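What follows is a short report on a single structure.
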Amino acid sequence: MNTKDLKQKILEAKKETGTIVLAHTYQDPDIIDVADVTGDSFFLSKKAAELKAKRVIMCGVRFMAESVKILSPETETILPVPSATCPMAEQIAPERIRKFKEENPTAQVVAYINTTAAIKAECDVCVTSSSAIKIVEKLDADKILFIPDQHLGSFVKKQLPDKNIILWDGYCPVHAQLTAQDVLECKAAHPDAKFAVHPESPAEVVALADMAGATSEIISYAKSQPGKVIIGTEKGVVDYLSTHEENGDRFIQLAPHKLCCEDMKKISLEDVYNAIIGSCGEDIQLPEDLRKKALVSINRMLELG
């Protein structure tokens, strides 16, 4: 079956089954085309809750499907490829956080949204890459532990020097590969281009950027620029911009051999169709006590952010 016919079958299957397809911006452009909602991880979760969908297909990774379930427990949430996960989200065990809290009873633990439900359940508040500075600034605590991403945590710490922020050893395996040399070589090839980067990248890379921000902020910034923009995040963003914006060739992918998330690319158009008709995928389930604990940290994020 060719791609055009498969897309048509997906549209028909969605209508017949009452299914909504959510797709992270890093997904393949063909999947973006058949999605009902596209965006970053927390935006997708909020939209699922607002739409009060009975059934959603999450085209992303496991922690994103869990986030939908945390916010919308009655929604049947299907992850088309169960092995699609986020290495960073699973780098820190919940037991390690509990031990830290026992040893530091006055500290508050801040969890990046890119974490498992089990991690969120142990933390005081969640943050997104766009809300992290604002939320951490509001916290009144002797110590603030920022997990799991040391690079995003370092970015926040630099912006808030008066805060006692403790960093751990987590990182995004994709963004952490970037080097200053990658940026300098790309800038040399495109001297008039602006450079936008995700703060999950090392500090030496962020220091060379014209802007640093979340996926949605990078997209907004790139659209607002009249000229070329070097994009320092997963290649799905350039794929998206190149496909959906005029003069799409002005968006330049930094280090394309590095900035490709294998887990994000595991889901195919065929997987989306099969998940809709019920022949593949995992129905995400969370114990209710765990879900409620995780919801506390997300609700506090909404309150503070």
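Lettering and numbering for the structure tokens are positional, with chains as A, B, ... in the shown order, residues counted from 1 in each chain, and ligands counted from 1 in the shown order.
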
Within 7 Å of Gln253 in chain A, counting only C-alpha atoms, which residues show up once you throw out same-chain ones fewer than 4 positions away? Write them as number ranges by chain, please.
A: 230-232, 235, 238

Per residue of range 79-151 of chain A within 6 Å of range 278-288 of chain A, what are the shortest atom pair and its distance in Å to one decimal, counting only C-alpha atoms, with rows by chain and residue number, as CSV?
residue,atom,partner,partner_atom,distance
A:Leu79,CA,A:Glu282,CA,5.3
A:Pro80,CA,A:Gly281,CA,3.9
A:Val81,CA,A:Gly281,CA,5.4
A:Pro82,CA,A:Glu282,CA,5.8

Give me every alpha helix (DSSP H) residue in range 193-268 of chain A, going by DSSP on the backbone, as a ChimeraX atom specification.
/A:203-206,215-224,236-244

What lies within 10 Å of Lys266 in chain A using only C-alpha atoms, ignoring chain neighbours under 6 positions off, as a VMD selection string?
chain A and resid 27 to 28 59 to 61 80 to 85

Check which residues of range 148-215 of chain A sit at most 7 Å from range 86-98 of chain A using only C-alpha atoms, and return one row each with the closest pair of atoms and their distance in Å to one decimal, ordered by chain and rising number, as JSON lines.
{"residue": "A:Pro148", "atom": "CA", "partner": "A:Ile92", "partner_atom": "CA", "distance": 6.8}
{"residue": "A:Gly170", "atom": "CA", "partner": "A:Gln91", "partner_atom": "CA", "distance": 6.1}
{"residue": "A:Tyr171", "atom": "CA", "partner": "A:Met88", "partner_atom": "CA", "distance": 5.7}
{"residue": "A:Cys172", "atom": "CA", "partner": "A:Met88", "partner_atom": "CA", "distance": 5.3}

Contacts of Asp289 in chain A at 10 Å (only C-alpha atoms; same-chain gap of 5+ positions) as a VMD selection string:
chain A and resid 121 294 to 295

Keeping only C-alpha atoms, take the residues you just selected and write them out as a PDB file, in the first residue's frame.
ATOM      1  CA  ALA A 121       5.410  10.553  41.983  1.00  0.00           C
ATOM      2  CA  ALA A 294       2.414  11.870  39.999  1.00  0.00           C
ATOM      3  CA  LEU A 295      -0.538  14.171  39.386  1.00  0.00           C
TER       4      LEU A 295
END
